[in-house]
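Peer 1: I have a structure here, written as structure tokens, and I will follow up with some questions on it.
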Amino acid sequence: MERRKGLLLKGFIGENGVRARSGKGVFVVTAKWQEKPQPGSVSQELAKTFSVSHILATLVAQRVEPPTRENVASFLRPTLGGTLPPSLLNGMDRAADRLAQAVKDRQRVIVHGDYDADGVTASAVLIRACRAVGHSITCHLPSRFDDGYGISSDFVRKAVEEDVDLVVTVDCGTSEHENIRLLSENGIDVIVTDHHEPGDRGLPSQALAVINPKSRDSTYPFRDLTGVGVAFKLAWALYEKLAGSPRVGDLQRTTLLSLVPLVAIGTIADVAPLVGENRALVAEGLKRMRDSSPGISALLDNCRGQSEDLTTRMIAFHLSPRLNAAGRMGKANLALDLLVEDDPAQARQLALSLDHLNSERQTLCQVILSEASREAEVNHSFEHDPAVLVAREGWHEGVIGIVAGRLSEIYNRPAAVVSFPPGQRHGRGSARSAAGINLYRVMENSCQHLLSFGGHELAAGFTLERDSLEAFREAFLRECASQVDGQGFVPVLYYDMEIPFAEINHRLVSELDKLRPLGQGNPESRFLVRGLRVVGGHQLLRGNKRFFFNVSQDGIAYRAVVNNNQSLWSTLESVGRGKVDIVCTPVLTSSNFYHSPRLELQVDDLRPAAV
């Protein structure tokens, strides 16, 4: 089905709305504005109890479940005091006992990590925790290309040959039944720390202990810890065992606090919900990050040229991609070496190497995204196909997950990207979800065409044979379609609430800071404001990727800014000096031209005013 620039697509996409860039031009999709459920009278009670505005109380009630006084207080004032004791995790007591024995007896311990930022930070947590009590442990990070995810048979052989006493997995291990059995049969104890969903076989029975808040028999109150979060809990429990008491010594307490920035980085990088314990760990980690290890300090120094503010957004878009770049480019140990390095000069060199790798990764992503977009537009009918699957020989396997994510954003539907190494029968794929589709369920119901798969609702990885590609494509599209309602993939822009323009002021923006740290499960606040008059001119900036205009109502006026959405420029021109409705986030921006922060509106979408 041929695609032409400016073509208006219907069916799954809709008839009007924002434009999304593709490899061959621009296509138009509808963005439906939808208000999030409102909490009703509970927001009035919270506003009175906590002496905050009705707007902030509503926003908090939308994010806290249930919005009890205790839960709201913890949300507004996140501290490590709100974290749960590690002993509540199934298997923790036995695991901490065994690790403490290994530390006391100077046994050979290997941490088996993962090559992404969550797995690397989790590995660094345990290495630093054991180093602080005088025991040096080693770490094995699998190669994305040679080993794939999880424990390999080569690792088992290496552990046996080197007379390892204990293997501790981080961010993996829940589904590694066979290789854990082999390790156990060769006299090697295995502790699994993980956060991935167990498969149909459940937990590996021959592991000495399995610590996973998502296990089916878990009674732990918070199931959304990341791999690094679970590793941190094990380090905490280890120190309690060594101290013989829940009250650890000053040195151990200082060490645990120094590890919290690693937990924050891994949690943000893994896009975990920033609620409950994750919110407390990330908030504390951000506070302590500037005075953290030499490796993190070096990373921050390299990122500050792009972002001065130390926020979750800076971590997500500048710092964690550098860590992930190492694993994507087949050099995960470079990121780990940086995070455990104590010499500032060496840390700066390692951070510079990560910068170079990240630049290479960015170039690869741009090239493959362009090729994948063309493949998608040639091979898919966007009127009928509920998902996108593209495949090619020779695409770099380390970046296909990023490309899949970009495709899902561009086409507003799940996307899978498959790469086949030249001349080989087996290929690897990565998929990202959209529109609320549960990818793990899609993979489960399509697994007859796969050699292996893993992941969760939003992202999945898999392997398959060339001969199975078309059969898997059909199954993938069919299973995605089974989860789509009758409306198809009309993109939805959710906003928190509609507010009068007069409610937008410096006091509101200051109150919104109480919602930080922001991220998955606690996003930036969006408001619908109606009937604003467009005044003055509007101007394109930064290579036509950013523009601003002014809006006013009843004598109040603010500058409005649009980023990376040129289609709204056309909408604004059609309105002229008329009125618009906008969905926006009010922010304070600093500039050398202004002596004090200036209030602006970051606009997500705009339309001619309804009335």
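Naming works like this for the structure tokens: A, B, ... for the chains as they're shown, residue 1 at the start of each chain, ligands 1 onward in shown order.
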So which residues touch Ser43 (chain A) within 8 Å, counting only C-alpha atoms, skipping near sequence neighbours fewer than 2 positions away, as a list in words?
Peer 2: Pro39, Gly40, Ser41, Glu45, Leu46, Ala47, His54, Ala57, Thr58 and Ala61 of chain A
Peer 1: Find the residues near region 312-317 of chain A: any atom within 8 Å, counting only C-alpha atoms, skip ones fewer than 3 places away on the same chain, and give them as a ChimeraX atom specification.
Peer 2: /A:265,268-269,307,309,320-321,517-519
Peer 1: Can you spit out the residues from that selection as a short mmCIF file (atom, residue, chain, number, x, y, z; two decimals), in the first residue's frame, using C-alpha atoms?
Peer 2:
```
data_model
loop_
_atom_site.label_atom_id
_atom_site.label_comp_id
_atom_site.auth_asym_id
_atom_site.auth_seq_id
_atom_site.Cartn_x
_atom_site.Cartn_y
_atom_site.Cartn_z
CA ILE A 265 19.43 5.42 38.33
CA ILE A 268 14.44 5.41 36.45
CA ALA A 269 16.24 3.65 33.59
CA SER A 307 20.89 19.63 31.38
CA ASP A 309 18.82 20.25 36.59
CA SER A 320 20.97 6.14 31.76
CA PRO A 321 21.31 6.05 27.93
CA PRO A 517 10.19 13.00 41.43
CA LEU A 518 8.15 12.56 38.25
CA GLY A 519 8.15 9.53 35.99
#
```
Peer 1: Would you mind listing what lies within 8 Å of region 529-532 of chain A as a list in words, with only C-alpha atoms counted and same-chain residues fewer than 6 positions away left out?
Peer 2: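 My reading of the contact set: Glu498, Ile499, Pro500, Phe501, Val551, Ser552, Gln553, Lys579, Val580, Asp581, Ile582, Val583, Cys584, Ala609, Ala610 and Val611 of chain A.
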Peer 1: I need the residues from that last selection saved to file as a PDB file, in the first residue's frame (with C-alpha atoms), if you can.
Peer 2:
```pdb
ATOM      1  CA  GLU A 498      -9.660  21.206  33.415  1.00  0.00           C
ATOM      2  CA  ILE A 499      -8.808  24.432  35.228  1.00  0.00           C
ATOM      3  CA  PRO A 500      -9.576  28.134  34.743  1.00  0.00           C
ATOM      4  CA  PHE A 501      -6.760  30.151  33.195  1.00  0.00           C
ATOM      5  CA  VAL A 551      -2.187  33.506  24.885  1.00  0.00           C
ATOM      6  CA  SER A 552      -4.347  35.682  27.127  1.00  0.00           C
ATOM      7  CA  GLN A 553      -7.652  35.725  28.942  1.00  0.00           C
ATOM      8  CA  LYS A 579      -9.260  31.474  20.398  1.00  0.00           C
ATOM      9  CA  VAL A 580      -7.790  28.067  21.200  1.00  0.00           C
ATOM     10  CA  ASP A 581      -8.216  25.294  23.741  1.00  0.00           C
ATOM     11  CA  ILE A 582      -4.907  23.834  24.925  1.00  0.00           C
ATOM     12  CA  VAL A 583      -3.594  20.926  26.963  1.00  0.00           C
ATOM     13  CA  CYS A 584      -0.504  22.178  28.746  1.00  0.00           C
ATOM     14  CA  ALA A 609     -11.732  26.819  20.749  1.00  0.00           C
ATOM     15  CA  ALA A 610     -14.902  24.785  21.010  1.00  0.00           C
ATOM     16  CA  VAL A 611     -16.976  27.889  21.769  1.00  0.00           C
TER      17      VAL A 611
END
```
Peer 1: Tell me, as a ChimeraX atom specification, which residues lie within 7 Å of region 459-467 of chain A, counting only C-alpha atoms; anything in the same chain fewer than 5 positions away does not count.
Peer 2: /A:425-433,439-440,449-454
Peer 1: Quick one, how far is CA of Glu185 (chain A) from CA of Lys158 (chain A)?
Peer 2: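 Result for CA of Glu185 (chain A) versus CA of Lys158 (chain A): 14.5 Å, one decimal.
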Peer 1: Among region 30-225 of chain A, which residues carry a DSSP assignment of strand (DSSP E or B), reported as a PyMOL selection string?
Peer 2: chain A and resi 32-35+109-112+138-140+166-170+189-193+209-211
Peer 1: Kindly save the residues from that selection, with N, CA and C atoms included, as a PDB file, in the first residue's frame.
Peer 2:
```pdb
ATOM      1  N   LYS A  32      -7.297  12.027  20.733  1.00  0.00           N
ATOM      2  CA  LYS A  32      -8.510  12.231  21.509  1.00  0.00           C
ATOM      3  C   LYS A  32      -8.127  12.737  22.895  1.00  0.00           C
ATOM      4  N   TRP A  33      -8.720  13.846  23.320  1.00  0.00           N
ATOM      5  CA  TRP A  33      -8.451  14.386  24.653  1.00  0.00           C
ATOM      6  C   TRP A  33      -9.373  13.710  25.652  1.00  0.00           C
ATOM      7  N   GLN A  34      -8.796  13.206  26.713  1.00  0.00           N
ATOM      8  CA  GLN A  34      -9.611  12.506  27.710  1.00  0.00           C
ATOM      9  C   GLN A  34      -9.140  12.870  29.117  1.00  0.00           C
ATOM     10  N   GLU A  35     -10.078  13.279  29.928  1.00  0.00           N
ATOM     11  CA  GLU A  35      -9.770  13.632  31.314  1.00  0.00           C
ATOM     12  C   GLU A  35      -9.623  12.370  32.159  1.00  0.00           C
ATOM     13  N   VAL A 109      32.501 -15.792  45.376  1.00  0.00           N
ATOM     14  CA  VAL A 109      31.148 -15.369  45.011  1.00  0.00           C
ATOM     15  C   VAL A 109      31.206 -14.670  43.662  1.00  0.00           C
ATOM     16  N   ILE A 110      30.285 -15.028  42.777  1.00  0.00           N
ATOM     17  CA  ILE A 110      30.126 -14.328  41.495  1.00  0.00           C
ATOM     18  C   ILE A 110      28.708 -13.778  41.407  1.00  0.00           C
ATOM     19  N   VAL A 111      28.620 -12.499  41.116  1.00  0.00           N
ATOM     20  CA  VAL A 111      27.330 -11.881  40.808  1.00  0.00           C
ATOM     21  C   VAL A 111      27.096 -12.027  39.310  1.00  0.00           C
ATOM     22  N   HIS A 112      25.956 -12.588  38.947  1.00  0.00           N
ATOM     23  CA  HIS A 112      25.580 -12.683  37.529  1.00  0.00           C
ATOM     24  C   HIS A 112      24.548 -11.594  37.253  1.00  0.00           C
ATOM     25  N   THR A 138      33.414 -11.006  42.388  1.00  0.00           N
ATOM     26  CA  THR A 138      33.514 -10.734  40.957  1.00  0.00           C
ATOM     27  C   THR A 138      32.125 -10.692  40.338  1.00  0.00           C
ATOM     28  N   CYS A 139      32.086 -10.237  39.101  1.00  0.00           N
ATOM     29  CA  CYS A 139      30.796 -10.111  38.423  1.00  0.00           C
ATOM     30  C   CYS A 139      30.912 -10.597  36.991  1.00  0.00           C
ATOM     31  N   HIS A 140      29.876 -11.272  36.533  1.00  0.00           N
ATOM     32  CA  HIS A 140      29.773 -11.685  35.136  1.00  0.00           C
ATOM     33  C   HIS A 140      28.574 -10.983  34.521  1.00  0.00           C
ATOM     34  N   LEU A 166      29.307 -19.615  45.392  1.00  0.00           N
ATOM     35  CA  LEU A 166      27.980 -19.002  45.417  1.00  0.00           C
ATOM     36  C   LEU A 166      27.806 -18.097  44.204  1.00  0.00           C
ATOM     37  N   VAL A 167      26.663 -18.228  43.539  1.00  0.00           N
ATOM     38  CA  VAL A 167      26.260 -17.329  42.456  1.00  0.00           C
ATOM     39  C   VAL A 167      25.042 -16.552  42.922  1.00  0.00           C
ATOM     40  N   VAL A 168      25.106 -15.229  42.767  1.00  0.00           N
ATOM     41  CA  VAL A 168      23.962 -14.369  43.075  1.00  0.00           C
ATOM     42  C   VAL A 168      23.540 -13.686  41.785  1.00  0.00           C
ATOM     43  N   THR A 169      22.341 -13.965  41.320  1.00  0.00           N
ATOM     44  CA  THR A 169      21.855 -13.298  40.114  1.00  0.00           C
ATOM     45  C   THR A 169      21.185 -11.981  40.492  1.00  0.00           C
ATOM     46  N   VAL A 170      21.316 -10.999  39.626  1.00  0.00           N
ATOM     47  CA  VAL A 170      20.588  -9.744  39.798  1.00  0.00           C
ATOM     48  C   VAL A 170      19.901  -9.402  38.481  1.00  0.00           C
ATOM     49  N   ASP A 189      25.872 -23.033  45.207  1.00  0.00           N
ATOM     50  CA  ASP A 189      24.609 -22.455  45.657  1.00  0.00           C
ATOM     51  C   ASP A 189      24.232 -21.271  44.776  1.00  0.00           C
ATOM     52  N   VAL A 190      22.937 -21.095  44.567  1.00  0.00           N
ATOM     53  CA  VAL A 190      22.449 -19.999  43.728  1.00  0.00           C
ATOM     54  C   VAL A 190      21.382 -19.215  44.477  1.00  0.00           C
ATOM     55  N   ILE A 191      21.607 -17.916  44.570  1.00  0.00           N
ATOM     56  CA  ILE A 191      20.596 -16.987  45.078  1.00  0.00           C
ATOM     57  C   ILE A 191      20.092 -16.173  43.892  1.00  0.00           C
ATOM     58  N   VAL A 192      18.804 -16.179  43.670  1.00  0.00           N
ATOM     59  CA  VAL A 192      18.198 -15.417  42.576  1.00  0.00           C
ATOM     60  C   VAL A 192      17.576 -14.151  43.145  1.00  0.00           C
ATOM     61  N   THR A 193      18.004 -12.994  42.640  1.00  0.00           N
ATOM     62  CA  THR A 193      17.293 -11.742  42.926  1.00  0.00           C
ATOM     63  C   THR A 193      16.832 -11.189  41.584  1.00  0.00           C
ATOM     64  N   ALA A 209      17.698 -19.798  47.189  1.00  0.00           N
ATOM     65  CA  ALA A 209      16.665 -18.817  47.539  1.00  0.00           C
ATOM     66  C   ALA A 209      16.329 -18.013  46.292  1.00  0.00           C
ATOM     67  N   VAL A 210      15.059 -17.651  46.175  1.00  0.00           N
ATOM     68  CA  VAL A 210      14.600 -16.782  45.088  1.00  0.00           C
ATOM     69  C   VAL A 210      13.894 -15.585  45.715  1.00  0.00           C
ATOM     70  N   ILE A 211      14.408 -14.401  45.405  1.00  0.00           N
ATOM     71  CA  ILE A 211      13.814 -13.161  45.933  1.00  0.00           C
ATOM     72  C   ILE A 211      13.243 -12.397  44.749  1.00  0.00           C
TER      73      ILE A 211
END
```
Peer 1: Would you return as a PyMOL selection string the members of region 29-195 of chain A that DSSP assigns to helix (DSSP H, G or I) on this structure's backbone?
Peer 2: chain A and resi 41-50+54-63+69-76+80-82+86-88+92-104+117-132+153-161+177-185
Peer 1: Mind writing the picked residues with C-alpha atoms as a PDB file, in the first residue's frame?
Peer 2:
```
ATOM      1  CA  SER A  41     -14.887  14.792  47.547  1.00  0.00           C
ATOM      2  CA  VAL A  42     -11.688  13.099  48.728  1.00  0.00           C
ATOM      3  CA  SER A  43      -9.641  15.883  47.113  1.00  0.00           C
ATOM      4  CA  GLN A  44     -11.446  18.487  49.212  1.00  0.00           C
ATOM      5  CA  GLU A  45     -10.651  16.523  52.363  1.00  0.00           C
ATOM      6  CA  LEU A  46      -6.978  16.181  51.375  1.00  0.00           C
ATOM      7  CA  ALA A  47      -6.730  19.893  50.548  1.00  0.00           C
ATOM      8  CA  LYS A  48      -7.940  20.755  54.030  1.00  0.00           C
ATOM      9  CA  THR A  49      -5.839  18.112  55.823  1.00  0.00           C
ATOM     10  CA  PHE A  50      -2.550  18.998  54.114  1.00  0.00           C
ATOM     11  CA  HIS A  54      -7.726  21.803  45.495  1.00  0.00           C
ATOM     12  CA  ILE A  55      -5.719  21.312  42.286  1.00  0.00           C
ATOM     13  CA  LEU A  56      -2.740  19.691  44.024  1.00  0.00           C
ATOM     14  CA  ALA A  57      -5.027  17.586  46.217  1.00  0.00           C
ATOM     15  CA  THR A  58      -6.772  16.289  43.092  1.00  0.00           C
ATOM     16  CA  LEU A  59      -3.478  15.471  41.399  1.00  0.00           C
ATOM     17  CA  VAL A  60      -2.229  13.573  44.453  1.00  0.00           C
ATOM     18  CA  ALA A  61      -5.488  11.650  44.842  1.00  0.00           C
ATOM     19  CA  GLN A  62      -5.207  10.562  41.197  1.00  0.00           C
ATOM     20  CA  ARG A  63      -1.709   9.189  41.816  1.00  0.00           C
ATOM     21  CA  ARG A  69      -3.933  10.216  54.931  1.00  0.00           C
ATOM     22  CA  GLU A  70      -0.910   7.988  55.597  1.00  0.00           C
ATOM     23  CA  ASN A  71      -0.309   7.203  51.909  1.00  0.00           C
ATOM     24  CA  VAL A  72      -0.672  10.835  50.861  1.00  0.00           C
ATOM     25  CA  ALA A  73       1.729  11.982  53.607  1.00  0.00           C
ATOM     26  CA  SER A  74       4.326   9.461  52.366  1.00  0.00           C
ATOM     27  CA  PHE A  75       3.791  10.626  48.793  1.00  0.00           C
ATOM     28  CA  LEU A  76       4.202  14.321  49.590  1.00  0.00           C
ATOM     29  CA  LEU A  80      13.797   6.268  53.251  1.00  0.00           C
ATOM     30  CA  GLY A  81      11.841   5.900  56.466  1.00  0.00           C
ATOM     31  CA  GLY A  82       8.922   4.851  54.293  1.00  0.00           C
ATOM     32  CA  PRO A  86      13.962  -6.511  53.496  1.00  0.00           C
ATOM     33  CA  SER A  87      12.892  -9.423  55.693  1.00  0.00           C
ATOM     34  CA  LEU A  88       9.360  -9.107  54.259  1.00  0.00           C
ATOM     35  CA  MET A  92      15.443 -12.972  51.926  1.00  0.00           C
ATOM     36  CA  ASP A  93      16.327 -14.458  55.289  1.00  0.00           C
ATOM     37  CA  ARG A  94      17.876 -17.563  53.774  1.00  0.00           C
ATOM     38  CA  ALA A  95      19.667 -15.575  51.067  1.00  0.00           C
ATOM     39  CA  ALA A  96      21.148 -13.080  53.529  1.00  0.00           C
ATOM     40  CA  ASP A  97      22.326 -15.896  55.803  1.00  0.00           C
ATOM     41  CA  ARG A  98      24.122 -17.586  52.914  1.00  0.00           C
ATOM     42  CA  LEU A  99      25.726 -14.397  51.618  1.00  0.00           C
ATOM     43  CA  ALA A 100      26.837 -13.434  55.125  1.00  0.00           C
ATOM     44  CA  GLN A 101      28.477 -16.857  55.489  1.00  0.00           C
ATOM     45  CA  ALA A 102      30.285 -16.355  52.176  1.00  0.00           C
ATOM     46  CA  VAL A 103      31.544 -12.955  53.316  1.00  0.00           C
ATOM     47  CA  LYS A 104      32.746 -14.257  56.689  1.00  0.00           C
ATOM     48  CA  ALA A 117      21.247  -0.096  33.245  1.00  0.00           C
ATOM     49  CA  ASP A 118      19.081  -1.874  35.833  1.00  0.00           C
ATOM     50  CA  GLY A 119      21.269  -4.979  35.770  1.00  0.00           C
ATOM     51  CA  VAL A 120      24.544  -3.022  35.796  1.00  0.00           C
ATOM     52  CA  THR A 121      23.523  -0.792  38.713  1.00  0.00           C
ATOM     53  CA  ALA A 122      22.262  -3.868  40.599  1.00  0.00           C
ATOM     54  CA  SER A 123      25.622  -5.576  40.079  1.00  0.00           C
ATOM     55  CA  ALA A 124      27.442  -2.460  41.283  1.00  0.00           C
ATOM     56  CA  VAL A 125      25.289  -2.365  44.435  1.00  0.00           C
ATOM     57  CA  LEU A 126      26.349  -5.850  45.541  1.00  0.00           C
ATOM     58  CA  ILE A 127      29.998  -5.373  44.560  1.00  0.00           C
ATOM     59  CA  ARG A 128      30.216  -2.138  46.550  1.00  0.00           C
ATOM     60  CA  ALA A 129      28.271  -3.568  49.491  1.00  0.00           C
ATOM     61  CA  CYS A 130      30.609  -6.560  49.815  1.00  0.00           C
ATOM     62  CA  ARG A 131      33.732  -4.469  49.197  1.00  0.00           C
ATOM     63  CA  ALA A 132      32.757  -2.181  52.094  1.00  0.00           C
ATOM     64  CA  SER A 153      25.727 -22.797  29.581  1.00  0.00           C
ATOM     65  CA  ASP A 154      29.143 -21.161  29.111  1.00  0.00           C
ATOM     66  CA  PHE A 155      28.718 -19.354  32.418  1.00  0.00           C
ATOM     67  CA  VAL A 156      27.815 -22.617  34.158  1.00  0.00           C
ATOM     68  CA  ARG A 157      30.944 -24.259  32.804  1.00  0.00           C
ATOM     69  CA  LYS A 158      33.105 -21.319  33.866  1.00  0.00           C
ATOM     70  CA  ALA A 159      31.649 -21.284  37.393  1.00  0.00           C
ATOM     71  CA  VAL A 160      32.321 -25.008  37.816  1.00  0.00           C
ATOM     72  CA  GLU A 161      35.871 -24.745  36.464  1.00  0.00           C
ATOM     73  CA  HIS A 177      15.511 -23.507  35.704  1.00  0.00           C
ATOM     74  CA  GLU A 178      17.889 -25.723  33.759  1.00  0.00           C
ATOM     75  CA  ASN A 179      21.134 -23.838  34.292  1.00  0.00           C
ATOM     76  CA  ILE A 180      20.389 -23.249  37.964  1.00  0.00           C
ATOM     77  CA  ARG A 181      19.853 -27.010  38.296  1.00  0.00           C
ATOM     78  CA  LEU A 182      23.251 -27.629  36.701  1.00  0.00           C
ATOM     79  CA  LEU A 183      24.954 -25.148  39.037  1.00  0.00           C
ATOM     80  CA  SER A 184      23.304 -26.747  42.055  1.00  0.00           C
ATOM     81  CA  GLU A 185      24.229 -30.283  40.991  1.00  0.00           C
TER      82      GLU A 185
END
```
Peer 1: Interatomic distance between CA of Asp554 (chain A) and CA of Ile504 (chain A)?
Peer 2: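 Computed distance, CA of Asp554 (chain A) to CA of Ile504 (chain A), equals 12.7 Å.
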Peer 1: Can you tell me how far CA of Asn522 (chain A) sits from CA of Leu274 (chain A), in Å to one decimal?
Peer 2: 6.1 Å
